[in-house]
Amino acid sequence: MFTNAGTSSFTTFLSRVAPEMLPGRRPLPPGMAADLAPHATTIVAIAAADGVVMAGDRRATMGNLIAQRDIEKVHPADAYSLVGIAGTAGIGIELMRLFQVELEHYEKIEGAMLSLDGKANRLASMIRGNLGAAMQGLAVVPLFAGFDLAAADPARAGRIFSFDVTGGPYEETGYDAIGSGSLFAKSALKKRFRAGISVADATRLAVEALYDAADDDTATGGPDLTRRIYPVVMTATAEGTYRLTDAETATIAEGVVAGRMENPGG
Amino acid sequence: MAMQFYASPEQIMRDRSELARKGIARGRSAVVLSYSGGVLFVAENLSSALHKVSEIYDRIGFAAVGRYNEFENLRRAGVRMADLNGLSYDRRDVTGRALANAFAQTLGAIFTEQSKPFEVEICVAEVGATAADDELYRLTYDGSVNDEPGRMAMGGQAEAITGVLKSQHRPDMSLGEAVQVAVQALSSVGGEGGAARTIAANQLEVAVLDRQRVGRTFRRITGAALTALLDGKAAPPASDLPDTPSVPTGEAGKPTSSAGSADLEDRPGQADK
């Protein structure tokens, strides 16, 4: 089963040998299942001068309850790209792991990385595969961002792609947000984002936007100063992906909270 | 109707072995050895695109000699199996031993069932926390597996090459020393009148499994970095190793956050941002 000439795509391989491991290939009983499992909420991404920044809050909710306070929804997809997940948490995490393996698998089989657009298209087709479950309320919508190694203009190397439940991808200019608090996060970014912002400023801006989302959306968690739980902030630049350490995000989050003490509107 | 002549199973196996051995002996050789910083692969390869050495998983590498289409088929199978197991269980549950076993089953079945055996010899190497923990498995065309003691050579005149390796190799060598020993061993055969020859840098394929990295440890050494190592300048490339190796832990290899190259994620220079 492993030695057929076959394809460089891991999901295509799985669909042949272990289709039960693909989300979206499982028969679901009819009816809505939206309240069955925890939901992951807000993710923001900002294209900066020499890369891209992605940040996500730490809350997962189940109806009116907080299911988890410290869930991690932003992950590296490979050495130069990031993926954030909103929607049904369990399927989202499964899809993200599968996407990570998909990119690594292609790289190992072919000896070269997929282009950034190729990665986005791959993710879109994986989301499309989950459409049946999405229509029953188990939707997953990712946000994908990465550093495009083939970009002619280095200032445009940081790129962001969004998706809907039927796939996509849609390339976004400047910034984007997904999840329940995305309306508020995007409104905040609309007023504060400037093209050509530095990566360091963009990390602060991302945390500010998440604060605004948490301010108005109960499903989004703000910086938790008592438990020292702060948003996950990652960057992708020419040097690769980097996750800001807890100390670094703590400094940014404390700065944001201190600012809001004086002016709650930011 | 043509009469089917009787051939004893012994004779058939002997013929197949001979075919495979001849095919392998025609090709250029490869050596694998462990050194202080990891596991080193050096293969003589005229092509820079068709690899004899490649990555299978986080801490597992693959080297092969013989027919390209046959070992490439095995390599792809290995990557598929490793990725499937790593996804269904955990990244730490993918081991070199399991892969070596799977390759042995495949090669053994092909040797007995198909009319032509695979003309390949392969090495599955897994880098451990110390040089003593490194695992090197040699798999031959008939599916036999051998656990090699920290060094091995495959391909044409492998025995002569192994002889040189055996006398020169120590597990505590630096990367520079290890590359030089490997190249010296490879070039000890094939010269005119049994003399040593020189192999140019562009005819070598060099890669390591880097003991200090977390996540994916495989990296190729090419271009200026390789030339520097061959010239014995002992100036390891910038991405190379601190002197005191840190022992990788299971915790550090946690799956979802180490999908990228982990040394890119832990850059100290970023801390001041």
# chains A, B, ... in the order shown; residues from 1 in each chain; ligands from 1
>>> residues_around(residues="region 124-126 of chain B", least_positions_apart="2", cutoff="9 Å", atoms="only C-alpha atoms", output="list in words")
Val32, Val39, Ile56, Arg59, Ile60, Gly61, Phe62, Ala63, Ala64, Thr95, Gly96, Arg97, Leu99, Ala100, Ile122, Gly128, Asp133, Asp134, Glu135, Leu136, Tyr137, Arg138, Leu139 and Leu209 of chain B
>>> write_last_selection(atoms="N, CA and C atoms", output="PDB file, in the first residue's frame")
ATOM      1  N   VAL B  32      27.777   5.972   5.599  1.00  0.00           N
ATOM      2  CA  VAL B  32      26.995   6.579   6.672  1.00  0.00           C
ATOM      3  C   VAL B  32      27.776   6.347   7.947  1.00  0.00           C
ATOM      4  N   VAL B  39      24.490  12.155  12.719  1.00  0.00           N
ATOM      5  CA  VAL B  39      24.790  11.091  11.764  1.00  0.00           C
ATOM      6  C   VAL B  39      25.091  11.747  10.419  1.00  0.00           C
ATOM      7  N   ILE B  56      13.585  11.051   5.932  1.00  0.00           N
ATOM      8  CA  ILE B  56      12.362  10.263   6.070  1.00  0.00           C
ATOM      9  C   ILE B  56      11.457  10.895   7.126  1.00  0.00           C
ATOM     10  N   ARG B  59      13.932  12.381  12.958  1.00  0.00           N
ATOM     11  CA  ARG B  59      15.276  11.962  13.346  1.00  0.00           C
ATOM     12  C   ARG B  59      15.763  10.800  12.492  1.00  0.00           C
ATOM     13  N   ILE B  60      15.113  10.567  11.349  1.00  0.00           N
ATOM     14  CA  ILE B  60      15.447   9.401  10.531  1.00  0.00           C
ATOM     15  C   ILE B  60      15.838   9.820   9.117  1.00  0.00           C
ATOM     16  N   GLY B  61      16.956   9.293   8.660  1.00  0.00           N
ATOM     17  CA  GLY B  61      17.416   9.581   7.304  1.00  0.00           C
ATOM     18  C   GLY B  61      17.556   8.284   6.516  1.00  0.00           C
ATOM     19  N   PHE B  62      17.764   8.447   5.205  1.00  0.00           N
ATOM     20  CA  PHE B  62      17.763   7.311   4.286  1.00  0.00           C
ATOM     21  C   PHE B  62      18.895   7.508   3.292  1.00  0.00           C
ATOM     22  N   ALA B  63      19.673   6.460   3.051  1.00  0.00           N
ATOM     23  CA  ALA B  63      20.692   6.526   2.004  1.00  0.00           C
ATOM     24  C   ALA B  63      20.600   5.244   1.203  1.00  0.00           C
ATOM     25  N   ALA B  64      20.872   5.326  -0.090  1.00  0.00           N
ATOM     26  CA  ALA B  64      20.733   4.130  -0.916  1.00  0.00           C
ATOM     27  C   ALA B  64      21.727   4.160  -2.061  1.00  0.00           C
ATOM     28  N   THR B  95       9.840   5.212  14.443  1.00  0.00           N
ATOM     29  CA  THR B  95      11.202   4.798  14.759  1.00  0.00           C
ATOM     30  C   THR B  95      11.904   4.204  13.545  1.00  0.00           C
ATOM     31  N   GLY B  96      13.224   4.280  13.578  1.00  0.00           N
ATOM     32  CA  GLY B  96      14.025   3.723  12.503  1.00  0.00           C
ATOM     33  C   GLY B  96      13.884   2.213  12.420  1.00  0.00           C
ATOM     34  N   ARG B  97      13.733   1.580  13.591  1.00  0.00           N
ATOM     35  CA  ARG B  97      13.626   0.118  13.614  1.00  0.00           C
ATOM     36  C   ARG B  97      12.375  -0.353  12.876  1.00  0.00           C
ATOM     37  N   LEU B  99      10.782   1.223  10.542  1.00  0.00           N
ATOM     38  CA  LEU B  99      10.952   1.449   9.108  1.00  0.00           C
ATOM     39  C   LEU B  99      11.854   0.394   8.487  1.00  0.00           C
ATOM     40  N   ALA B 100      12.949   0.064   9.203  1.00  0.00           N
ATOM     41  CA  ALA B 100      13.874  -0.940   8.687  1.00  0.00           C
ATOM     42  C   ALA B 100      13.144  -2.265   8.516  1.00  0.00           C
ATOM     43  N   ILE B 122      20.240  -0.343   0.998  1.00  0.00           N
ATOM     44  CA  ILE B 122      19.843   0.908   1.635  1.00  0.00           C
ATOM     45  C   ILE B 122      20.249   0.946   3.097  1.00  0.00           C
ATOM     46  N   GLY B 128      20.343   9.507  17.686  1.00  0.00           N
ATOM     47  CA  GLY B 128      19.917   9.413  19.080  1.00  0.00           C
ATOM     48  C   GLY B 128      20.435  10.582  19.891  1.00  0.00           C
ATOM     49  N   ASP B 133      23.756   6.024  20.992  1.00  0.00           N
ATOM     50  CA  ASP B 133      22.336   5.715  20.771  1.00  0.00           C
ATOM     51  C   ASP B 133      21.936   5.755  19.300  1.00  0.00           C
ATOM     52  N   ASP B 134      22.832   6.168  18.414  1.00  0.00           N
ATOM     53  CA  ASP B 134      22.503   6.205  16.994  1.00  0.00           C
ATOM     54  C   ASP B 134      22.228   4.787  16.497  1.00  0.00           C
ATOM     55  N   GLU B 135      21.258   4.671  15.587  1.00  0.00           N
ATOM     56  CA  GLU B 135      20.959   3.360  15.023  1.00  0.00           C
ATOM     57  C   GLU B 135      21.176   3.404  13.513  1.00  0.00           C
ATOM     58  N   LEU B 136      21.984   2.473  13.020  1.00  0.00           N
ATOM     59  CA  LEU B 136      22.228   2.375  11.583  1.00  0.00           C
ATOM     60  C   LEU B 136      21.809   0.985  11.125  1.00  0.00           C
ATOM     61  N   TYR B 137      20.851   0.906  10.213  1.00  0.00           N
ATOM     62  CA  TYR B 137      20.414  -0.391   9.714  1.00  0.00           C
ATOM     63  C   TYR B 137      20.803  -0.522   8.254  1.00  0.00           C
ATOM     64  N   ARG B 138      21.450  -1.636   7.929  1.00  0.00           N
ATOM     65  CA  ARG B 138      21.772  -1.909   6.536  1.00  0.00           C
ATOM     66  C   ARG B 138      20.762  -2.940   6.006  1.00  0.00           C
ATOM     67  N   LEU B 139      20.144  -2.616   4.874  1.00  0.00           N
ATOM     68  CA  LEU B 139      19.190  -3.548   4.266  1.00  0.00           C
ATOM     69  C   LEU B 139      19.692  -3.921   2.889  1.00  0.00           C
ATOM     70  N   LEU B 209      22.031  14.270  10.001  1.00  0.00           N
ATOM     71  CA  LEU B 209      20.935  14.335  10.969  1.00  0.00           C
ATOM     72  C   LEU B 209      21.562  14.996  12.192  1.00  0.00           C
TER      73      LEU B 209
END
>>> closest_atom_pairs(of="chain A", to="chain B", cutoff="6 Å", atoms="only C-alpha atoms", output="Markdown table")
| residue | atom | partner | partner_atom | distance |
| --- | --- | --- | --- | --- |
| A:Phe2 | CA | B:Ala77 | CA | 4.6 |
| A:Thr3 | CA | B:Ala77 | CA | 4.9 |
| A:Asp78 | CA | B:Gly260 | CA | 4.4 |
| A:Ala79 | CA | B:Gly260 | CA | 4.1 |
| A:Gly240 | CA | B:Leu264 | CA | 5.8 |
| A:Thr241 | CA | B:Glu265 | CA | 5.9 |
| A:Tyr242 | CA | B:Glu265 | CA | 4.5 |
>>> closest_residue(among="A:Ala150, A:Leu210, A:Val140, A:Leu183", to="Val165 (chain A)", atoms="only C-alpha atoms")
A:Val140
>>> select_by_dssp(residues="region 39-262 of chain A", states="strand (DSSP E)", output="PyMOL selection string")
chain A and resi 39-40+43-48+51-56+60-62+65-68+74-78+81-88+140-147+158-164+167-172+175-178+232-237+240-243
>>> write_last_selection(atoms="C-alpha atoms", output="PDB file, in the first residue's frame")
ATOM      1  CA  HIS A  39     -15.664  26.262  19.427  1.00  0.00           C
ATOM      2  CA  ALA A  40     -12.443  28.104  18.874  1.00  0.00           C
ATOM      3  CA  ILE A  43      -7.691  34.922  15.030  1.00  0.00           C
ATOM      4  CA  VAL A  44      -6.110  38.025  13.449  1.00  0.00           C
ATOM      5  CA  ALA A  45      -3.374  38.304  10.838  1.00  0.00           C
ATOM      6  CA  ILE A  46      -1.483  41.407   9.726  1.00  0.00           C
ATOM      7  CA  ALA A  47       0.853  41.784   6.745  1.00  0.00           C
ATOM      8  CA  ALA A  48       3.910  43.751   7.876  1.00  0.00           C
ATOM      9  CA  GLY A  51       6.706  39.392   6.980  1.00  0.00           C
ATOM     10  CA  VAL A  52       3.396  38.563   8.509  1.00  0.00           C
ATOM     11  CA  VAL A  53       2.039  38.370  12.066  1.00  0.00           C
ATOM     12  CA  MET A  54      -0.739  36.090  13.292  1.00  0.00           C
ATOM     13  CA  ALA A  55      -2.285  36.077  16.747  1.00  0.00           C
ATOM     14  CA  GLY A  56      -5.122  34.208  18.400  1.00  0.00           C
ATOM     15  CA  ALA A  60     -12.706  27.885  23.510  1.00  0.00           C
ATOM     16  CA  THR A  61     -16.422  28.061  24.242  1.00  0.00           C
ATOM     17  CA  MET A  62     -19.309  25.626  24.358  1.00  0.00           C
ATOM     18  CA  LEU A  65     -19.593  28.030  28.937  1.00  0.00           C
ATOM     19  CA  ILE A  66     -15.852  28.488  28.615  1.00  0.00           C
ATOM     20  CA  ALA A  67     -14.576  25.067  27.534  1.00  0.00           C
ATOM     21  CA  GLN A  68     -10.883  25.902  27.736  1.00  0.00           C
ATOM     22  CA  VAL A  74      -2.225  29.548  15.936  1.00  0.00           C
ATOM     23  CA  HIS A  75       0.416  27.108  14.735  1.00  0.00           C
ATOM     24  CA  PRO A  76       3.244  26.966  12.209  1.00  0.00           C
ATOM     25  CA  ALA A  77       2.057  25.203   9.043  1.00  0.00           C
ATOM     26  CA  ASP A  78       5.664  24.748   7.912  1.00  0.00           C
ATOM     27  CA  SER A  81       3.758  29.811   6.994  1.00  0.00           C
ATOM     28  CA  LEU A  82       1.207  30.010   9.792  1.00  0.00           C
ATOM     29  CA  VAL A  83      -2.302  28.676  10.186  1.00  0.00           C
ATOM     30  CA  GLY A  84      -4.987  29.713  12.665  1.00  0.00           C
ATOM     31  CA  ILE A  85      -8.221  27.834  13.280  1.00  0.00           C
ATOM     32  CA  ALA A  86     -11.706  29.066  14.136  1.00  0.00           C
ATOM     33  CA  GLY A  87     -14.841  26.955  14.405  1.00  0.00           C
ATOM     34  CA  THR A  88     -15.294  23.448  15.793  1.00  0.00           C
ATOM     35  CA  VAL A 140     -14.039  24.963  10.478  1.00  0.00           C
ATOM     36  CA  VAL A 141     -12.636  28.108   8.908  1.00  0.00           C
ATOM     37  CA  PRO A 142      -8.876  28.650   8.954  1.00  0.00           C
ATOM     38  CA  LEU A 143      -6.779  31.727   8.375  1.00  0.00           C
ATOM     39  CA  PHE A 144      -3.538  31.124   6.501  1.00  0.00           C
ATOM     40  CA  ALA A 145      -0.588  33.498   6.248  1.00  0.00           C
ATOM     41  CA  GLY A 146       2.985  33.114   5.209  1.00  0.00           C
ATOM     42  CA  PHE A 147       6.175  34.582   3.896  1.00  0.00           C
ATOM     43  CA  GLY A 158       3.913  38.660   3.752  1.00  0.00           C
ATOM     44  CA  ARG A 159       0.579  37.371   2.407  1.00  0.00           C
ATOM     45  CA  ILE A 160      -2.723  36.441   4.023  1.00  0.00           C
ATOM     46  CA  PHE A 161      -5.396  34.042   2.735  1.00  0.00           C
ATOM     47  CA  SER A 162      -8.893  33.585   4.139  1.00  0.00           C
ATOM     48  CA  PHE A 163     -11.388  30.819   3.422  1.00  0.00           C
ATOM     49  CA  ASP A 164     -15.071  30.090   3.794  1.00  0.00           C
ATOM     50  CA  GLY A 167     -13.183  26.498   0.362  1.00  0.00           C
ATOM     51  CA  GLY A 168     -11.647  29.598  -1.125  1.00  0.00           C
ATOM     52  CA  PRO A 169      -8.960  30.856  -0.914  1.00  0.00           C
ATOM     53  CA  TYR A 170      -9.354  34.613  -0.928  1.00  0.00           C
ATOM     54  CA  GLU A 171      -6.203  36.653  -0.685  1.00  0.00           C
ATOM     55  CA  GLU A 172      -6.573  39.569   1.735  1.00  0.00           C
ATOM     56  CA  TYR A 175      -5.019  42.382   7.465  1.00  0.00           C
ATOM     57  CA  ASP A 176      -7.818  39.951   8.183  1.00  0.00           C
ATOM     58  CA  ALA A 177      -9.576  38.291  11.096  1.00  0.00           C
ATOM     59  CA  ILE A 178     -11.774  35.215  11.507  1.00  0.00           C
ATOM     60  CA  VAL A 232      -0.418  33.240  21.036  1.00  0.00           C
ATOM     61  CA  VAL A 233       1.515  35.544  18.671  1.00  0.00           C
ATOM     62  CA  MET A 234       3.579  34.164  15.783  1.00  0.00           C
ATOM     63  CA  THR A 235       5.527  35.772  12.968  1.00  0.00           C
ATOM     64  CA  ALA A 236       6.684  34.457   9.588  1.00  0.00           C
ATOM     65  CA  THR A 237       9.594  36.303   7.996  1.00  0.00           C
ATOM     66  CA  GLY A 240      11.184  31.445   9.129  1.00  0.00           C
ATOM     67  CA  THR A 241       8.371  31.184  11.624  1.00  0.00           C
ATOM     68  CA  TYR A 242       8.794  32.313  15.189  1.00  0.00           C
ATOM     69  CA  ARG A 243       6.515  32.081  18.172  1.00  0.00           C
TER      70      ARG A 243
END
>>> closest_residue(among="B:Ala178, B:Val145, B:Val206, B:Met173", to="Glu121 (chain B)", atoms="only C-alpha atoms")
B:Val145
>>> closest_residue(among="B:Ala104, B:Val189, B:Leu165, B:Leu229", to="Ser29 (chain B)", atoms="only C-alpha atoms")
B:Val189
>>> closest_residue(among="A:Arg97, A:Asp70, A:Asp57, A:Ala213", to="Pro23 (chain A)", atoms="only C-alpha atoms")
A:Arg97
>>> closest_residue(among="B:Phe5, B:Tyr89, B:Tyr35, B:Phe103", to="Thr130 (chain B)", atoms="only C-alpha atoms")
B:Tyr35
>>> atom_distance(atom1="CA of Lys119 (chain A)", atom2="CA of Ala188 (chain A)")
28.6 Å
>>> residues_around(residues="Leu226 (chain B)", least_positions_apart="4", cutoff="8 Å", atoms="only C-alpha atoms", output="PyMOL selection string")
chain B and resi 201+206+221-222+230
>>> select_by_dssp(residues="region 88-267 of chain B", states="helix (DSSP H, G or I)", output="ChimeraX atom specification")
/B:88,91-93,96-113,131-133,158-168,175-187,192-194,201-203,223-230,256-258,262-265
>>> closest_residue(among="A:Val101, A:Ile127, A:Ala134, A:Ala49", to="Ser198 (chain A)", atoms="only C-alpha atoms")
A:Ala49
>>> residues_around(residues="Asp215 (chain A)", least_positions_apart="5", cutoff="12 Å", atoms="only C-alpha atoms", output="list in words")
Gly181, Ser182, Leu183, Phe184, Ala185, Ala188, Glu208, Ala209, Leu210, Thr220, Gly221, Gly222, Pro223, Val257, Arg260, Pro264, Gly265 and Gly266 of chain A
>>> atom_distance(atom1="CA of Arg59 (chain A)", atom2="CA of Val207 (chain A)")
14.2 Å
>>> residues_around(residues="Ser180 (chain A)", least_positions_apart="6", cutoff="7 Å", atoms="only C-alpha atoms", output="compact mmCIF listing (two decimals) with C-alpha atoms, in the first residue's frame")
# COMPACT_ATOMS: atom_id res chain seq x y z
CA THR A 41 -12.77 31.82 18.36
CA THR A 42 -10.88 34.88 17.14
CA ALA A 219 -16.59 34.10 23.14
>>> atom_distance(atom1="CA of Ser36 (chain B)", atom2="CA of Gly176 (chain B)")
10.7 Å
